[in-house]
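Taking it in order: structure first as structure tokens, then the write-up.
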Amino acid sequence: MGISDEGRDRGRPMMFTAYTWQALLWALVHGGRIHIRIYAIDINDDGITVIWQLRAGHKRISKDSAIKWVVKFNDEEFTNFFILLHVG
């Protein structure tokens, strides 16, 4: 397992993020039931940021299968996927 925002909570994959696109992608990778909660709300001069905690309802981690799925994309599919990640 490489460098990641992901960790484990009670044996289940979990992560914290302030980015909607990252939460959506993580949920797609892990699939099934995902538990989501607001972990923190940061209020400062730049605005308000919501920090989400996501936890999978199962114990499997399928990053390898997600990478294999994305590698099969043609140019148009990859472009659409990339735009989804950046726009959210």
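Just so we're on the same page: first chain in the structure tokens is A, next is B, and so on; residues restart at 1 for each chain, and ligands are numbered from 1 in the order they show up.
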
| message | At a cut-off of 12 Å, using only C-alpha atoms, what residues contact Gly57 in chain A? Leave out same-chain residues fewer than 6 positions from it and give the result as a list in words. | response | Arg8, Asp9, Arg10, Gly11, Arg12, Pro13, Met14, Ala27, His30, Gly31, Gly32, Arg33, Ile34, His35 and Ile36 of chain A

For the selection you just gave me, I'd like the residues written to a file as a short mmCIF file (atom, residue, chain, number, x, y, z; two decimals), in the first residue's frame, keeping N, CA and C atoms.
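Printed below is selection29.cif as written:
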```
data_model
loop_
_atom_site.label_atom_id
_atom_site.label_comp_id
_atom_site.auth_asym_id
_atom_site.auth_seq_id
_atom_site.Cartn_x
_atom_site.Cartn_y
_atom_site.Cartn_z
N ARG A 8 -7.50 2.75 8.11
CA ARG A 8 -8.38 1.67 8.53
C ARG A 8 -9.09 2.11 9.81
N ASP A 9 -10.36 1.74 9.94
CA ASP A 9 -11.14 2.00 11.13
C ASP A 9 -11.91 0.73 11.46
N ARG A 10 -11.56 0.10 12.56
CA ARG A 10 -12.18 -1.18 12.93
C ARG A 10 -12.06 -2.21 11.81
N GLY A 11 -10.91 -2.22 11.16
CA GLY A 11 -10.66 -3.19 10.10
C GLY A 11 -11.26 -2.84 8.76
N ARG A 12 -11.91 -1.69 8.66
CA ARG A 12 -12.56 -1.29 7.40
C ARG A 12 -11.82 -0.11 6.78
N PRO A 13 -11.78 -0.05 5.44
CA PRO A 13 -11.15 1.09 4.78
C PRO A 13 -11.89 2.39 5.14
N MET A 14 -11.13 3.46 5.38
CA MET A 14 -11.74 4.75 5.68
C MET A 14 -10.81 5.87 5.21
N ALA A 27 -15.70 6.39 -2.94
CA ALA A 27 -16.92 5.59 -2.83
C ALA A 27 -17.07 4.66 -4.04
N HIS A 30 -14.60 1.70 -3.62
CA HIS A 30 -14.93 0.74 -2.57
C HIS A 30 -16.32 0.14 -2.71
N GLY A 31 -17.23 0.84 -3.34
CA GLY A 31 -18.55 0.29 -3.60
C GLY A 31 -19.29 -0.18 -2.35
N GLY A 32 -20.47 -0.69 -2.55
CA GLY A 32 -21.25 -1.20 -1.43
C GLY A 32 -21.71 -0.09 -0.50
N ARG A 33 -21.95 -0.44 0.74
CA ARG A 33 -22.42 0.53 1.73
C ARG A 33 -21.25 1.38 2.22
N ILE A 34 -21.41 2.69 2.16
CA ILE A 34 -20.40 3.64 2.62
C ILE A 34 -21.03 4.49 3.72
N HIS A 35 -20.37 4.55 4.86
CA HIS A 35 -20.83 5.39 5.97
C HIS A 35 -20.11 6.74 5.85
N ILE A 36 -20.88 7.82 5.85
CA ILE A 36 -20.32 9.16 5.69
C ILE A 36 -20.75 10.02 6.88
#
```

| DSSP alpha helix (DSSP H) residues within range 3-73 of chain A, listed as a list in words |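 Alpha helix (DSSP H) members of range 3-73 of chain A, listed: Thr20, Trp21, Gln22, Ala23, Leu24, Leu25, Trp26, Ala27, Leu28, Val29, His30, Lys63, Asp64, Ser65, Ala66, Ile67, Lys68, Trp69, Val70 and Val71 of chain A.
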
Writing out the chosen residues with C-alpha atoms as a tab-separated table (two decimals), in the first residue's frame:
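Full text of again_22.tsv as output:
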```
chain	number	residue	atom	x	y	z
A	20	THR	CA	-16.17	16.18	-3.06
A	21	TRP	CA	-14.45	14.62	-6.09
A	22	GLN	CA	-12.17	12.58	-3.83
A	23	ALA	CA	-15.11	11.33	-1.74
A	24	LEU	CA	-17.00	10.30	-4.89
A	25	LEU	CA	-14.03	8.49	-6.37
A	26	TRP	CA	-13.29	6.72	-3.09
A	27	ALA	CA	-16.92	5.59	-2.83
A	28	LEU	CA	-16.78	4.28	-6.42
A	29	VAL	CA	-13.59	2.37	-5.73
A	30	HIS	CA	-14.93	0.74	-2.57
A	63	LYS	CA	-7.54	-0.19	-5.35
A	64	ASP	CA	-5.87	-2.63	-7.76
A	65	SER	CA	-9.16	-3.46	-9.47
A	66	ALA	CA	-10.02	0.26	-9.74
A	67	ILE	CA	-6.66	0.95	-11.40
A	68	LYS	CA	-7.22	-1.94	-13.84
A	69	TRP	CA	-10.68	-0.49	-14.61
A	70	VAL	CA	-9.33	3.02	-15.39
A	71	VAL	CA	-6.42	1.69	-17.49
```

DSSP-assigned strand (DSSP E or B) members of range 3-82 of chain A, reported as a PDB file with C-alpha atoms, in the first residue's frame:
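Output below, filename part_15.pdb:
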```
ATOM      1  CA  GLU A   6      -6.826   6.155   3.264  1.00  0.00           C
ATOM      2  CA  GLY A   7      -6.564   4.356   6.569  1.00  0.00           C
ATOM      3  CA  ARG A   8      -8.380   1.671   8.531  1.00  0.00           C
ATOM      4  CA  ASP A   9     -11.140   2.000  11.133  1.00  0.00           C
ATOM      5  CA  ARG A  12     -12.555  -1.291   7.401  1.00  0.00           C
ATOM      6  CA  PRO A  13     -11.153   1.094   4.778  1.00  0.00           C
ATOM      7  CA  MET A  14     -11.736   4.748   5.681  1.00  0.00           C
ATOM      8  CA  MET A  15     -10.566   8.213   4.716  1.00  0.00           C
ATOM      9  CA  PHE A  16     -10.919  11.896   5.575  1.00  0.00           C
ATOM     10  CA  THR A  17     -11.293  14.517   2.848  1.00  0.00           C
ATOM     11  CA  ILE A  34     -20.402   3.641   2.617  1.00  0.00           C
ATOM     12  CA  HIS A  35     -20.831   5.388   5.965  1.00  0.00           C
ATOM     13  CA  ILE A  36     -20.321   9.161   5.691  1.00  0.00           C
ATOM     14  CA  ARG A  37     -20.144  11.699   8.495  1.00  0.00           C
ATOM     15  CA  ILE A  38     -19.047  15.274   8.954  1.00  0.00           C
ATOM     16  CA  TYR A  39     -15.802  15.065  10.906  1.00  0.00           C
ATOM     17  CA  ALA A  40     -15.097  18.793  11.195  1.00  0.00           C
ATOM     18  CA  ILE A  41     -16.115  22.201   9.914  1.00  0.00           C
ATOM     19  CA  ASP A  42     -13.294  24.711   9.477  1.00  0.00           C
ATOM     20  CA  ILE A  43     -14.287  28.383   9.438  1.00  0.00           C
ATOM     21  CA  ASN A  44     -11.639  30.954   8.545  1.00  0.00           C
ATOM     22  CA  GLY A  47     -14.505  30.493   3.884  1.00  0.00           C
ATOM     23  CA  ILE A  48     -15.994  27.328   5.278  1.00  0.00           C
ATOM     24  CA  THR A  49     -14.566  23.858   4.670  1.00  0.00           C
ATOM     25  CA  VAL A  50     -16.336  20.622   5.552  1.00  0.00           C
ATOM     26  CA  ILE A  51     -14.105  17.646   6.379  1.00  0.00           C
ATOM     27  CA  TRP A  52     -15.827  14.340   5.624  1.00  0.00           C
ATOM     28  CA  GLN A  53     -15.041  10.909   7.008  1.00  0.00           C
ATOM     29  CA  LEU A  54     -15.966   7.983   4.783  1.00  0.00           C
ATOM     30  CA  ARG A  55     -15.857   4.363   5.929  1.00  0.00           C
ATOM     31  CA  ALA A  56     -16.629   1.296   3.865  1.00  0.00           C
TER      32      ALA A  56
END
```
